[in-house]
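As provided, final39.cif (mmCIF, C-alpha atoms) reads as follows.
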```cif
data_upload
loop_
_atom_site.label_atom_id
_atom_site.label_comp_id
_atom_site.auth_asym_id
_atom_site.auth_seq_id
_atom_site.Cartn_x
_atom_site.Cartn_y
_atom_site.Cartn_z
CA PHE V 1 122.94 9.56 64.04
CA TRP V 2 126.59 8.97 63.40
CA LEU V 3 129.15 11.64 63.77
CA LYS V 4 131.18 12.15 60.68
CA GLY V 5 134.27 9.92 60.59
CA LYS V 6 133.32 7.96 63.77
CA ALA V 7 131.80 4.53 63.87
CA PRO V 8 129.57 3.40 66.73
CA VAL V 9 131.31 1.66 69.58
CA PRO V 10 129.88 -1.83 70.13
CA THR V 11 128.35 -2.44 73.54
CA PRO V 12 130.28 -5.15 75.41
CA ARG V 13 128.26 -8.20 76.24
CA CYS V 14 128.09 -9.60 79.77
CA LYS V 15 129.97 -12.80 80.11
CA MET V 16 128.01 -15.57 81.76
CA ALA V 17 129.82 -17.45 84.46
CA PRO V 18 130.25 -21.12 83.70
CA PRO V 19 127.72 -23.30 85.48
CA THR V 20 128.92 -24.69 88.76
CA ALA V 21 127.97 -27.93 90.40
CA PRO V 22 125.43 -27.68 93.24
CA PRO V 23 126.98 -27.68 96.70
CA VAL V 24 127.33 -31.07 98.25
CA ALA V 25 125.70 -31.36 101.65
CA PRO V 26 127.93 -32.78 104.36
CA THR V 27 127.12 -36.38 105.02
CA CYS V 28 126.80 -37.90 108.45
CA PRO V 29 128.75 -41.07 109.02
CA TRP V 30 125.55 -42.81 110.15
CA ALA V 31 123.26 -41.37 107.46
CA ASP V 32 123.06 -44.62 105.49
CA VAL V 33 122.91 -46.83 108.54
CA GLN V 34 119.37 -45.92 109.60
CA LYS V 35 117.08 -43.80 107.47
CA GLU V 36 113.88 -44.62 109.34
CA GLU V 37 112.41 -42.38 111.99
CA SER V 38 114.12 -42.90 115.31
CA LYS V 39 112.37 -42.71 118.66
CA LEU V 40 113.83 -41.97 122.07
CA ALA V 41 112.40 -44.20 124.75
CA LEU V 42 110.99 -42.21 127.67
CA ASN V 43 112.21 -44.16 130.68
CA LEU V 44 111.27 -42.22 133.80
CA SER V 45 112.04 -43.48 137.27
CA ILE V 46 108.75 -43.17 139.12
CA GLY V 47 108.67 -43.10 142.92
CA ALA V 48 105.90 -43.17 145.49
CA LEU V 49 102.37 -42.08 144.72
CA VAL V 50 101.84 -38.47 145.85
CA GLY V 51 98.19 -37.97 144.99
CA GLU V 52 95.35 -39.06 142.76
CA GLY V 53 92.69 -36.93 141.14
CA THR V 54 89.88 -37.32 138.66
CA SER V 55 92.22 -37.02 135.68
CA GLY V 56 95.15 -39.18 136.77
CA LYS V 57 97.80 -40.13 139.30
CA VAL V 58 100.73 -38.02 140.50
CA SER V 59 103.98 -39.69 141.57
CA GLN V 60 107.46 -38.59 142.54
CA LEU V 61 110.09 -38.38 139.81
CA LEU V 62 113.34 -40.04 140.83
CA GLY V 63 116.82 -39.58 139.44
CA SER V 64 116.87 -35.81 139.02
CA ILE V 65 120.42 -34.60 138.39
CA ASP V 66 119.78 -30.85 138.65
CA GLY V 67 118.80 -30.83 142.31
CA GLY V 68 115.16 -30.04 141.57
CA ARG V 69 112.14 -31.83 142.97
CA TYR V 70 109.60 -32.94 140.37
CA VAL V 71 106.47 -35.02 140.06
CA VAL V 72 104.97 -36.94 137.16
CA LYS V 73 101.26 -36.81 136.38
CA GLN V 74 100.00 -39.76 134.34
CA VAL V 75 96.70 -39.17 132.58
CA PRO V 76 95.19 -42.27 130.92
CA LEU V 77 93.56 -41.64 127.57
CA LYS V 78 90.88 -44.20 128.32
CA ARG V 79 88.86 -44.40 131.52
CA VAL V 80 88.92 -47.91 132.91
CA GLU V 81 85.69 -47.41 134.87
CA THR V 82 83.54 -46.08 132.04
CA GLY V 83 85.49 -47.04 128.93
CA ASP V 84 85.25 -43.47 127.67
CA CYS V 85 88.13 -42.10 125.63
CA VAL V 86 89.73 -38.80 126.54
CA VAL V 87 90.23 -36.36 123.70
CA LEU V 88 93.99 -35.90 123.43
CA ALA V 89 93.58 -32.49 121.77
CA ASP V 90 91.83 -31.16 124.88
CA LEU V 91 94.65 -32.38 127.12
CA VAL V 92 97.29 -30.90 124.82
CA HIS V 93 95.49 -27.56 124.90
CA GLU V 94 95.45 -27.65 128.71
CA VAL V 95 99.16 -28.53 128.83
CA ARG V 96 100.02 -25.63 126.52
CA LEU V 97 98.08 -23.22 128.72
CA HIS V 98 99.95 -24.54 131.76
CA ARG V 99 103.28 -24.00 130.03
CA LEU V 100 102.25 -20.48 128.98
CA CYS V 101 101.12 -19.43 132.45
CA SER V 102 103.90 -21.01 134.50
CA ALA V 103 106.64 -19.43 132.39
CA GLY V 104 106.08 -15.97 133.83
CA CYS V 105 104.80 -16.49 137.38
CA SER V 106 106.55 -18.21 140.26
CA SER V 107 103.21 -18.74 142.06
CA ILE V 108 102.09 -21.23 139.41
CA VAL V 109 103.34 -24.82 139.50
CA ARG V 110 106.27 -24.82 137.08
CA TYR V 111 105.77 -26.88 133.94
CA ILE V 112 108.73 -29.03 132.84
CA PHE V 113 107.69 -31.14 129.86
CA ALA V 114 104.96 -33.45 128.59
CA HIS V 115 104.95 -36.64 126.54
CA ALA V 116 102.05 -38.45 124.85
CA SER V 117 102.01 -42.16 124.15
CA GLU V 118 99.34 -44.41 122.71
CA ASP V 119 97.55 -44.90 126.01
CA SER V 120 98.49 -42.02 128.30
CA LEU V 121 99.75 -38.46 128.64
CA VAL V 122 102.68 -37.86 130.99
CA VAL V 123 103.22 -34.35 132.39
CA THR V 124 106.27 -33.51 134.49
CA MET V 125 106.10 -30.48 136.76
CA GLU V 126 107.49 -28.90 139.91
CA ALA V 127 106.87 -30.81 143.14
CA CYS V 128 104.98 -29.29 146.06
CA ASP V 129 104.76 -30.42 149.68
CA LEU V 130 101.22 -29.90 150.84
CA VAL V 131 97.68 -29.37 149.60
CA LEU V 132 96.13 -26.14 150.91
CA TRP V 133 93.10 -28.04 152.21
CA ASP V 134 95.35 -30.18 154.44
CA ALA V 135 96.96 -27.02 155.78
CA LEU V 136 93.63 -25.52 156.79
CA THR V 137 91.91 -28.52 158.32
CA PRO V 138 92.55 -30.73 161.38
CA PRO V 139 94.38 -32.56 162.70
CA GLY V 140 96.43 -29.63 163.82
CA GLY V 141 96.59 -27.75 160.56
CA ALA V 142 99.83 -26.69 158.95
CA TRP V 143 99.65 -23.29 160.64
CA ASN V 144 100.50 -25.00 163.91
CA LEU V 145 103.04 -27.02 161.90
CA PRO V 146 102.49 -30.62 163.04
CA ALA V 147 100.71 -31.60 159.82
CA ALA V 148 103.13 -29.75 157.56
CA ALA V 149 106.13 -31.14 159.42
CA ALA V 150 104.86 -34.64 158.74
CA TYR V 151 105.11 -33.95 155.01
CA THR V 152 108.55 -32.35 155.09
CA GLY V 153 110.17 -34.19 158.00
CA GLU V 154 110.93 -30.91 159.79
CA LEU V 155 109.50 -30.50 163.28
CA GLN V 156 110.66 -27.00 164.17
CA PRO V 157 107.96 -24.32 164.55
CA ASP V 158 107.48 -21.62 161.97
CA PRO V 159 108.70 -18.28 163.40
CA VAL V 160 106.34 -16.27 161.17
CA GLY V 161 103.00 -15.31 162.66
CA LEU V 162 99.70 -16.64 161.35
CA HIS V 163 98.52 -13.27 160.01
CA THR V 164 101.76 -12.67 158.09
CA ARG V 165 101.70 -16.20 156.69
CA LEU V 166 98.12 -15.92 155.45
CA LEU V 167 98.75 -12.48 153.97
CA HIS V 168 101.80 -13.79 152.10
CA LEU V 169 99.90 -16.76 150.65
CA SER V 170 96.85 -14.65 149.77
CA LEU V 171 99.05 -12.23 147.87
CA GLN V 172 100.64 -15.07 145.91
CA LEU V 173 97.21 -16.49 145.08
CA CYS V 174 96.05 -13.12 143.74
CA GLN V 175 99.25 -12.74 141.72
CA ALA V 176 98.76 -16.17 140.12
CA VAL V 177 95.12 -15.48 139.20
CA ARG V 178 95.95 -12.01 137.88
CA HIS V 179 98.76 -13.44 135.75
CA CYS V 180 96.43 -16.02 134.20
CA HIS V 181 93.77 -13.42 133.51
CA ALA V 182 96.34 -11.14 131.87
CA LEU V 183 97.01 -14.01 129.46
CA ARG V 184 93.24 -14.45 128.96
CA VAL V 185 93.32 -17.81 130.70
CA LEU V 186 90.68 -18.97 133.21
CA HIS V 187 91.53 -21.64 135.75
CA ARG V 188 87.89 -22.85 136.15
CA ASP V 189 88.73 -25.21 139.02
CA LEU V 190 90.38 -23.11 141.70
CA ASN V 191 89.72 -24.73 145.08
CA PRO V 192 91.68 -25.73 148.22
CA TRP V 193 92.41 -29.14 146.69
CA ASN V 194 94.04 -27.60 143.61
CA VAL V 195 96.18 -25.07 145.47
CA PHE V 196 99.47 -26.30 146.90
CA LEU V 197 102.15 -25.21 149.34
CA ALA V 198 105.86 -25.60 148.73
CA ARG V 199 108.45 -25.50 151.47
CA CYS V 200 110.88 -22.60 151.04
CA PRO V 201 114.65 -23.08 151.33
CA PRO V 202 115.99 -23.05 154.92
CA GLY V 203 116.35 -19.56 156.31
CA GLN V 204 113.78 -17.96 154.01
CA LEU V 205 110.74 -16.36 155.61
CA PRO V 206 107.86 -16.97 155.29
CA SER V 207 108.77 -20.63 155.08
CA TRP V 208 105.90 -21.61 152.76
CA ASP V 209 105.09 -20.50 149.22
CA LEU V 210 101.83 -20.98 147.37
CA ARG V 211 101.45 -22.68 144.00
CA VAL V 212 98.37 -22.81 141.78
#
```
Now, as a test, write the supplied structure out as structure tokens.
Amino acid sequence: FWLKGKAPVPTPRCKMAPPTAPPVAPTCPWADVQKEESKLALNLSIGALVGEGTSGKVSQLLGSIDGGRYVVKQVPLKRVETGDCVVLADLVHEVRLHRLCSAGCSSIVRYIFAHASEDSLVVTMEACDLVLWDALTPPGGAWNLPAAAAYTGELQPDPVGLHTRLLHLSLQLCQAVRHCHALRVLHRDLNPWNVFLARCPPGQLPSWDLRV
């Protein structure tokens, strides 16, 4: 109701702000030059062949500028012998598991990057010096160091005893397997031909590290 002698006070209306033009995105100077998808050519300098397995060939990667030692694994997507095609999705899944596991364990070969083309999958990873099988079998065996020295070019004996060396490598192997299992990943092909040894930096003992 109205009070006597007083009129209602009108409610002020909200003023709408005048419409503004949409923000203009900054333009790149080359935006109109090429609007198609661009591709970066993967030109890797490949060195000597390091090894060859059932899935592909492994070669040295040349031209590293960060001081690291790397190898390139080339997996063909079509078997020349049988003509069978490899399912790329299976390889991608394996690469992702490798990246997952190697990120948190130094006893697993460190994953760098992978690239898929029309006919092959290229995986770049940390380089190792020796296959465990070659270290355990004649001639000589790496534990007496002639075989290992042939791979690294170093002929000095290893001052660490055999028992300490084996214990160190066994511990690293258990750590790698435990890390994979903690991530619910099974290796499924763990054997002396798939376990590697990497030469440690000079002055570090033991002088060999294990990589899965």
With all atoms listed in the file as the basis for distance, which of V:Arg96, V:Arg184, V:Arg199, V:Arg211 is at the shortest distance from Ser170 of chain V?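 Distance minimum relative to Ser170 of chain V lands on V:Arg211.
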Calculate how many Å separate atom CA of Leu136 of chain V from atom CA of Gly67 of chain V, rounding to one decimal. 29.5 Å
Starting from the displayed file, determine the output of the PyMOL selection byres ((chain V and resi 130) around 8) and express the residue list as a count of residues only. 11
Kindly give the distance, in Å, that separates atom CA of Gly68 of chain V and atom CA of Phe113 of chain V, rounded to a single decimal.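 Distance between the two atoms: 13.9 Å.
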At a cut-off of 9 Å, using only C-alpha atoms, what residues contact Arg99 of chain V? Leave out same-chain residues fewer than 2 positions from it and give the result as a count of residues only. 11
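Residues matched by the PyMOL selection byres ((chain V and resi 46-55) around 10) in this structure: Asn43, Leu44, Ser45, Gly56, Lys57, Val58, Ser59, Gln60, Leu61, Leu62, Gly63, Val71, Val72, Lys73, Gln74, Val75, Pro76, Leu77, Arg79, Val86, Ala127, Cys128, Asp129, Leu130, Val131, Trp193 and Asn194 of chain V.
Counting all atoms listed in the file, the residue from V:Leu121, V:Ile65, V:Leu100, V:Cys200 that sits nearest to His181 of chain V is V:Leu100.
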Atom CA of Ile108 of chain V to atom CA of Ala176 of chain V: how many Å, to one decimal?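 For atom CA of Ile108 of chain V relative to atom CA of Ala176 of chain V, the distance reads 6.1 Å.
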